>>> print(open('upload_26.json').read())   # JSON, C-alpha atoms and all ligand atoms
[["chain", "number", "residue", "atom", "x", "y", "z"],
["A", 1, "MET", "CA", -10.09, 15.05, -2.65],
["A", 2, "GLY", "CA", -10.68, 11.64, -4.27],
["A", 3, "ASP", "CA", -12.63, 8.95, -2.48],
["A", 4, "ASN", "CA", -10.21, 6.03, -2.69],
["A", 5, "VAL", "CA", -8.69, 4.43, 0.40],
["A", 6, "ILE", "CA", -4.94, 4.03, -0.13],
["A", 7, "LEU", "CA", -2.80, 1.76, 2.03],
["A", 8, "VAL", "CA", 0.87, 2.58, 2.46],
["A", 9, "GLY", "CA", 3.57, 1.11, 4.67],
["A", 10, "PHE", "CA", 6.73, -0.95, 4.79],
["A", 11, "MET", "CA", 7.06, -4.48, 3.41],
["A", 12, "GLY", "CA", 5.45, -6.99, 5.73],
["A", 13, "ALA", "CA", 2.81, -4.58, 7.06],
["A", 14, "GLY", "CA", 0.04, -6.67, 5.47],
["A", 15, "LYS", "CA", -1.15, -4.12, 2.89],
["A", 16, "SER", "CA", -2.35, -6.83, 0.47],
["A", 17, "SER", "CA", -4.28, -9.01, 2.92],
["A", 18, "VAL", "CA", -5.68, -6.03, 4.83],
["A", 19, "GLY", "CA", -6.61, -4.26, 1.59],
["A", 20, "ARG", "CA", -8.40, -7.30, 0.17],
["A", 21, "LEU", "CA", -10.48, -7.78, 3.32],
["A", 22, "LEU", "CA", -11.13, -4.05, 3.75],
["A", 23, "ALA", "CA", -12.42, -3.83, 0.17],
["A", 24, "ARG", "CA", -14.74, -6.76, 0.76],
["A", 25, "ARG", "CA", -16.08, -5.24, 4.01],
["A", 26, "MET", "CA", -16.64, -1.87, 2.33],
["A", 27, "GLY", "CA", -18.10, -3.33, -0.86],
["A", 28, "ARG", "CA", -15.38, -1.71, -2.91],
["A", 29, "CYS", "CA", -12.97, -2.88, -5.58],
["A", 30, "PHE", "CA", -9.40, -3.78, -4.62],
["A", 31, "VAL", "CA", -6.38, -2.68, -6.63],
["A", 32, "GLU", "CA", -2.65, -3.30, -6.03],
["A", 33, "THR", "CA", -0.01, -1.15, -7.69],
["A", 34, "ASP", "CA", 2.34, -4.16, -7.85],
["A", 35, "ASP", "CA", -0.36, -6.06, -9.80],
["A", 36, "MET", "CA", -0.83, -3.11, -12.19],
["A", 37, "ILE", "CA", 2.92, -3.25, -12.84],
["A", 38, "THR", "CA", 3.19, -7.03, -13.29],
["A", 39, "ALA", "CA", 0.16, -7.03, -15.60],
["A", 40, "ARG", "CA", 1.70, -4.30, -17.75],
["A", 41, "GLU", "CA", 5.12, -5.94, -17.89],
["A", 42, "GLY", "CA", 3.96, -9.55, -18.13],
["A", 43, "ARG", "CA", 6.46, -10.68, -15.49],
["A", 44, "SER", "CA", 6.83, -10.79, -11.74],
["A", 45, "ILE", "CA", 8.33, -8.05, -9.54],
["A", 46, "PRO", "CA", 11.48, -10.13, -8.81],
["A", 47, "GLU", "CA", 11.88, -10.70, -12.56],
["A", 48, "ILE", "CA", 11.53, -6.97, -13.28],
["A", 49, "PHE", "CA", 14.21, -6.17, -10.66],
["A", 50, "ALA", "CA", 16.49, -8.91, -11.99],
["A", 51, "ASP", "CA", 16.08, -8.05, -15.69],
["A", 52, "ARG", "CA", 15.80, -4.26, -15.64],
["A", 53, "GLY", "CA", 16.88, -3.13, -12.17],
["A", 54, "GLU", "CA", 15.26, -1.08, -9.43],
["A", 55, "ALA", "CA", 15.35, 2.19, -11.39],
["A", 56, "HIS", "CA", 13.12, 0.69, -14.08],
["A", 57, "PHE", "CA", 10.73, -0.64, -11.43],
["A", 58, "ARG", "CA", 10.50, 2.87, -9.90],
["A", 59, "ALA", "CA", 9.68, 4.30, -13.33],
["A", 60, "LEU", "CA", 6.88, 1.75, -13.63],
["A", 61, "GLU", "CA", 5.62, 2.86, -10.22],
["A", 62, "GLU", "CA", 5.56, 6.44, -11.50],
["A", 63, "GLU", "CA", 3.33, 5.34, -14.35],
["A", 64, "ALA", "CA", 1.10, 3.37, -11.95],
["A", 65, "VAL", "CA", 0.63, 6.52, -9.86],
["A", 66, "ARG", "CA", -0.51, 8.38, -12.97],
["A", 67, "LEU", "CA", -3.04, 5.62, -13.71],
["A", 68, "LEU", "CA", -4.36, 5.73, -10.15],
["A", 69, "ALA", "CA", -5.83, 9.11, -10.99],
["A", 70, "LEU", "CA", -8.47, 7.19, -12.97],
["A", 71, "LYS", "CA", -9.62, 5.27, -9.89],
["A", 72, "SER", "CA", -12.51, 6.26, -7.72],
["A", 73, "GLY", "CA", -14.00, 4.58, -4.70],
["A", 74, "ASP", "CA", -11.38, 1.80, -4.70],
["A", 75, "VAL", "CA", -9.21, 0.34, -1.98],
["A", 76, "ILE", "CA", -5.62, 0.59, -3.25],
["A", 77, "ALA", "CA", -2.60, -1.25, -1.79],
["A", 78, "THR", "CA", 0.73, 0.30, -2.77],
["A", 79, "GLY", "CA", 4.20, -1.28, -2.89],
["A", 80, "GLY", "CA", 6.30, -0.41, 0.16],
["A", 81, "GLY", "CA", 8.48, 2.16, -1.60],
["A", 82, "LEU", "CA", 5.87, 3.87, -3.77],
["A", 83, "PHE", "CA", 4.81, 6.50, -1.21],
["A", 84, "CYS", "CA", 8.41, 7.39, -0.34],
["A", 85, "ARG", "CA", 9.41, 9.76, -3.13],
["A", 86, "ASP", "CA", 9.23, 13.54, -3.09],
["A", 87, "GLY", "CA", 5.77, 14.68, -4.11],
["A", 88, "ARG", "CA", 4.13, 11.26, -3.63],
["A", 89, "PRO", "CA", 2.42, 11.96, -0.30],
["A", 90, "GLU", "CA", 0.75, 15.01, -1.85],
["A", 91, "ALA", "CA", -0.13, 13.16, -5.07],
["A", 92, "LEU", "CA", -1.68, 10.20, -3.28],
["A", 93, "ARG", "CA", -3.52, 12.24, -0.67],
["A", 94, "ALA", "CA", -5.22, 14.05, -3.54],
["A", 95, "LEU", "CA", -6.66, 10.68, -4.63],
["A", 96, "GLY", "CA", -8.23, 9.70, -1.33],
["A", 97, "THR", "CA", -7.55, 8.89, 2.29],
["A", 98, "VAL", "CA", -4.05, 7.54, 2.83],
["A", 99, "VAL", "CA", -3.72, 5.00, 5.66],
["A", 100, "TRP", "CA", -0.28, 4.04, 6.98],
["A", 101, "LEU", "CA", -0.14, 0.47, 8.25],
["A", 102, "SER", "CA", 2.63, 0.99, 10.78],
["A", 103, "GLY", "CA", 4.37, -1.58, 12.95],
["A", 104, "ASP", "CA", 7.42, -2.49, 14.91],
["A", 105, "PHE", "CA", 10.36, -2.73, 12.48],
["A", 106, "ASP", "CA", 11.55, -6.14, 13.69],
["A", 107, "VAL", "CA", 8.08, -7.63, 13.31],
["A", 108, "LEU", "CA", 7.69, -6.17, 9.81],
["A", 109, "TYR", "CA", 11.14, -7.36, 8.82],
["A", 110, "GLU", "CA", 10.57, -10.92, 10.00],
["A", 111, "ARG", "CA", 7.17, -11.07, 8.30],
["A", 112, "ALA", "CA", 8.58, -9.67, 5.06],
["A", 113, "ARG", "CA", 11.42, -12.18, 5.11],
["A", 114, "ARG", "CA", 9.11, -15.12, 5.71],
["A", 115, "MET", "CA", 6.46, -14.30, 3.15],
["A", 116, "GLY", "CA", 6.97, -13.82, -0.56],
["A", 117, "GLU", "CA", 10.04, -13.10, -2.60],
["A", 118, "ARG", "CA", 11.15, -9.52, -2.02],
["A", 119, "PRO", "CA", 13.99, -8.15, -4.13],
["A", 120, "MET", "CA", 14.56, -5.21, -1.74],
["A", 121, "LEU", "CA", 15.57, -7.72, 0.95],
["A", 122, "ALA", "CA", 17.79, -9.86, -1.25],
["A", 123, "GLY", "CA", 21.49, -9.38, -0.47],
["A", 124, "ARG", "CA", 20.83, -6.82, 2.28],
["A", 125, "THR", "CA", 21.57, -7.23, 5.97],
["A", 126, "ARG", "CA", 18.96, -6.45, 8.62],
["A", 127, "ASP", "CA", 20.79, -3.16, 9.37],
["A", 128, "GLU", "CA", 20.69, -2.14, 5.72],
["A", 129, "VAL", "CA", 16.95, -2.82, 5.55],
["A", 130, "ALA", "CA", 16.50, -0.89, 8.83],
["A", 131, "ALA", "CA", 18.24, 2.08, 7.19],
["A", 132, "ILE", "CA", 15.76, 1.94, 4.30],
["A", 133, "TYR", "CA", 12.93, 1.84, 6.84],
["A", 134, "ARG", "CA", 14.29, 4.90, 8.67],
["A", 135, "ALA", "CA", 14.58, 6.84, 5.42],
["A", 136, "ARG", "CA", 10.99, 5.99, 4.53],
["A", 137, "GLU", "CA", 9.35, 6.65, 7.85],
["A", 138, "PRO", "CA", 9.10, 10.46, 7.39],
["A", 139, "PHE", "CA", 7.09, 9.80, 4.23],
["A", 140, "TYR", "CA", 4.76, 7.28, 5.85],
["A", 141, "ARG", "CA", 4.13, 9.82, 8.61],
["A", 142, "GLN", "CA", 2.51, 12.06, 6.03],
["A", 143, "ALA", "CA", -0.44, 9.67, 5.67],
["A", 144, "ASP", "CA", -3.87, 10.93, 6.72],
["A", 145, "LEU", "CA", -4.37, 8.11, 9.22],
["A", 146, "THR", "CA", -2.07, 5.66, 11.00],
["A", 147, "VAL", "CA", -3.12, 2.19, 12.14],
["A", 148, "ASP", "CA", -0.63, 0.14, 14.15],
["A", 149, "THR", "CA", -0.57, -3.49, 13.01],
["A", 150, "THR", "CA", 1.72, -4.78, 15.77],
["A", 151, "GLY", "CA", 0.11, -7.76, 17.52],
["A", 152, "ARG", "CA", -3.11, -7.41, 15.52],
["A", 153, "THR", "CA", -4.74, -9.88, 13.16],
["A", 154, "THR", "CA", -5.82, -8.84, 9.67],
["A", 155, "ASP", "CA", -9.39, -8.75, 10.92],
["A", 156, "GLN", "CA", -8.49, -6.45, 13.83],
["A", 157, "VAL", "CA", -6.50, -4.12, 11.58],
["A", 158, "VAL", "CA", -9.45, -3.85, 9.18],
["A", 159, "ALA", "CA", -11.77, -3.08, 12.09],
["A", 160, "GLN", "CA", -9.40, -0.31, 13.24],
["A", 161, "ILE", "CA", -9.27, 1.18, 9.76],
["A", 162, "LEU", "CA", -13.05, 1.16, 9.44],
["A", 163, "LEU", "CA", -13.31, 2.91, 12.79],
["A", 164, "ALA", "CA", -10.74, 5.53, 11.79],
["A", 165, "LEU", "CA", -12.40, 6.08, 8.40],
["A", 166, "GLU", "CA", -15.92, 6.39, 9.79],
["A", 167, "PRO", "CA", -15.98, 10.20, 10.26],
["A", 168, "ARG", "CA", -14.70, 10.68, 6.69],
["A", 169, "LEU", "CA", -16.92, 8.06, 5.05],
["A", 170, "SER", "CA", -20.15, 9.38, 6.50],
["A", 171, "LEU", "CA", -19.49, 12.52, 4.44],
["A", 172, "SER", "CA", -18.93, 10.67, 1.15],
["A", 173, "PRO", "CA", -21.56, 9.14, -1.15],
["A", 174, "LEU", "CA", -19.71, 5.79, -1.04],
["A", 175, "GLY", "CA", -20.17, 5.76, 2.70],
["A", 176, "ARG", "CA", -23.90, 5.79, 2.20],
["A", 177, "GLY", "CA", -24.23, 2.36, 0.64],
["A", 178, "GLN", "CA", -23.18, 3.08, -2.92],
["A", 179, "GLY", "CA", -19.95, 1.10, -2.60],
["A", 180, "GLU", "CA", -21.71, -2.25, -3.01],
["A", 181, "ALA", "CA", -23.53, -1.00, -6.11],
["A", 182, "ARG", "CA", -20.22, 0.17, -7.56],
["A", 183, "ARG", "CA", -18.66, -3.23, -6.91],
["A", 184, "ARG", "CA", -21.56, -5.02, -8.59],
["A", 185, "GLU", "CA", -20.95, -2.91, -11.66],
["A", 186, "GLY", "CA", -17.57, -4.62, -11.84],
["A", 187, "CYS", "CA", -14.04, -4.10, -10.60],
["A", 188, "GLY", "CA", -10.92, -3.69, -12.69],
["B", 201, "LIG", "C1", 9.09, -2.74, -2.47],
["B", 201, "LIG", "C2", 8.04, -3.42, -1.90],
["B", 201, "LIG", "C3", 7.27, -4.44, -2.61],
["B", 201, "LIG", "C4", 7.34, -4.22, -4.13],
["B", 201, "LIG", "C5", 8.77, -4.11, -4.56],
["B", 201, "LIG", "C6", 9.51, -2.96, -3.88],
["B", 201, "LIG", "C7", 9.82, -1.73, -1.66],
["B", 201, "LIG", "O1", 5.90, -4.41, -2.20],
["B", 201, "LIG", "O2", 6.64, -3.07, -4.50],
["B", 201, "LIG", "O3", 9.40, -5.34, -4.30],
["B", 201, "LIG", "O4", 10.60, -0.96, -2.22],
["B", 201, "LIG", "O5", 9.59, -1.69, -0.43],
["B", 201, "LIG", "P1", 5.42, -4.87, -0.71],
["B", 201, "LIG", "O6", 5.51, -3.67, 0.17],
["B", 201, "LIG", "O7", 4.02, -5.31, -0.92],
["B", 201, "LIG", "O8", 6.33, -5.97, -0.28]]
>>> encode(input="upload_26.json", output="structure tokens")
Amino acid sequence: MGDNVILVGFMGAGKSSVGRLLARRMGRCFVETDDMITAREGRSIPEIFADRGEAHFRALEEEAVRLLALKSGDVIATGGGLFCRDGRPEALRALGTVVWLSGDFDVLYERARRMGERPMLAGRTRDEVAAIYRAREPFYRQADLTVDTTGRTTDQVVAQILLALEPRLSLSPLGRGQGEARRREGCG
């Protein structure tokens, strides 16, 4: 198994902010699949959805998953739908420890609506988004670890993840202080 830490979960779960802080605490590099995609395409996620449609975005996610195989020792935040395709849980678990940032749907929905421009929410009612959540949940459940974000700050979520990862990290070379050295060598 790879030694990355991979964050999955619905929009609004805080994957980006938690991932950035977790990487800093662990002395690891931070990668976001949405950033890999926007860098490759030279335009934002909403622009990709508007210009080429969701199917094209999902194809770009497929390519991002292939590129993730080159990563080692990184903290990786995935887009909310990336983990929810047949074969993805297996593919991502082979690359490291998958952590599901779970949470109460209404809290996630409100947070997702407030922050950032999210094409999956545009033109959909709350019930339609809830149906997407329900369809995705069985995938998220296939993560190695689950950390509930409801009522927790970013700091508290990171602390929970570190606690949950501890038994696994003590077995890996990166858990024995090599993460910082790796980060000094340069991320990206
Ligand atoms: C998506 C979630 C977004 C982004 C894209 C599609 C989804 O990422 O990948 O807009 O299908 O849930 P976040 O989960 O970071 O919002």
>>> closest_atom_pairs(input="upload_26.json", of="chain A", to="ligand LIG 201 (chain B)", cutoff="7 Å", atoms="all atoms listed in the file", output="CSV")
residue,atom,partner,partner_atom,distance
A:Gly9,CA,B:LIG201,O6,6.8
A:Phe10,CA,B:LIG201,O6,5.5
A:Met11,CA,B:LIG201,O6,3.7
A:Gly12,CA,B:LIG201,O8,6.2
A:Lys15,CA,B:LIG201,O7,6.5
A:Ser16,CA,B:LIG201,O7,6.7
A:Asp34,CA,B:LIG201,O2,5.6
A:Ile45,CA,B:LIG201,O3,6.0
A:Pro46,CA,B:LIG201,O3,6.9
A:Thr78,CA,B:LIG201,O7,6.8
A:Gly79,CA,B:LIG201,O2,3.4
A:Gly80,CA,B:LIG201,O6,3.4
A:Gly81,CA,B:LIG201,O4,3.8
A:Leu82,CA,B:LIG201,O4,6.9
A:Ala112,CA,B:LIG201,O8,6.9
A:Arg118,CA,B:LIG201,O3,5.1
A:Pro119,CA,B:LIG201,O3,5.4
A:Met120,CA,B:LIG201,O3,5.8
>>> write_last_selection(input="upload_26.json", atoms="C-alpha atoms", output="compact mmCIF listing (two decimals), keeping the file's coordinate frame")
# COMPACT_ATOMS: atom_id res chain seq x y z
CA GLY A 9 3.57 1.11 4.67
CA PHE A 10 6.73 -0.95 4.79
CA MET A 11 7.06 -4.48 3.41
CA GLY A 12 5.45 -6.99 5.73
CA LYS A 15 -1.15 -4.12 2.89
CA SER A 16 -2.35 -6.83 0.47
CA ASP A 34 2.34 -4.16 -7.85
CA ILE A 45 8.33 -8.05 -9.54
CA PRO A 46 11.48 -10.13 -8.81
CA THR A 78 0.73 0.30 -2.77
CA GLY A 79 4.20 -1.28 -2.89
CA GLY A 80 6.30 -0.41 0.16
CA GLY A 81 8.48 2.16 -1.60
CA LEU A 82 5.87 3.87 -3.77
CA ALA A 112 8.58 -9.67 5.06
CA ARG A 118 11.15 -9.52 -2.02
CA PRO A 119 13.99 -8.15 -4.13
CA MET A 120 14.56 -5.21 -1.74
>>> atom_distance(input="upload_26.json", atom1="atom CA of A:Val158", atom2="atom CA of A:Val18")
6.2 Å
>>> closest_residue(input="upload_26.json", among="A:Gln142, A:Gly188, A:Asp3, A:Asp106", to="A:Ala130", atoms="all atoms listed in the file")
A:Asp106
>>> residues_near_point(input="upload_26.json", point="(1.4, 9.3, -12.0)", cutoff="12 Å", atoms="only C-alpha atoms", output="PyMOL selection string")
chain A and resi 33+58-71+82-83+85+87-88+90-92+94-95
>>> atom_distance(input="upload_26.json", atom1="atom CA of A:Arg93", atom2="atom CA of A:Gly2")
8.0 Å
>>> residues_around(input="upload_26.json", residues="A:Gly103", least_positions_apart="2", cutoff="10 Å", atoms="only C-alpha atoms", output="JSON, numbers by chain")
{"A": [9, 10, 12, 13, 100, 101, 105, 106, 107, 108, 109, 146, 147, 148, 149, 150, 151, 152]}
>>> closest_residue(input="upload_26.json", among="A:Cys187, A:Ile132, A:Glu41, A:Glu166", to="A:Arg28", atoms="only C-alpha atoms")
A:Cys187
>>> closest_residue(input="upload_26.json", among="A:Thr125, A:Gln160, A:Ser102, A:Thr153", to="A:Glu137", atoms="all atoms listed in the file")
A:Ser102
>>> closest_residue(input="upload_26.json", among="A:Thr38, A:Asp155, A:Glu47, A:Val98", to="A:Tyr140", atoms="only C-alpha atoms")
A:Val98
>>> atom_distance(input="upload_26.json", atom1="atom CA of A:His56", atom2="atom CA of A:Pro89")
20.8 Å
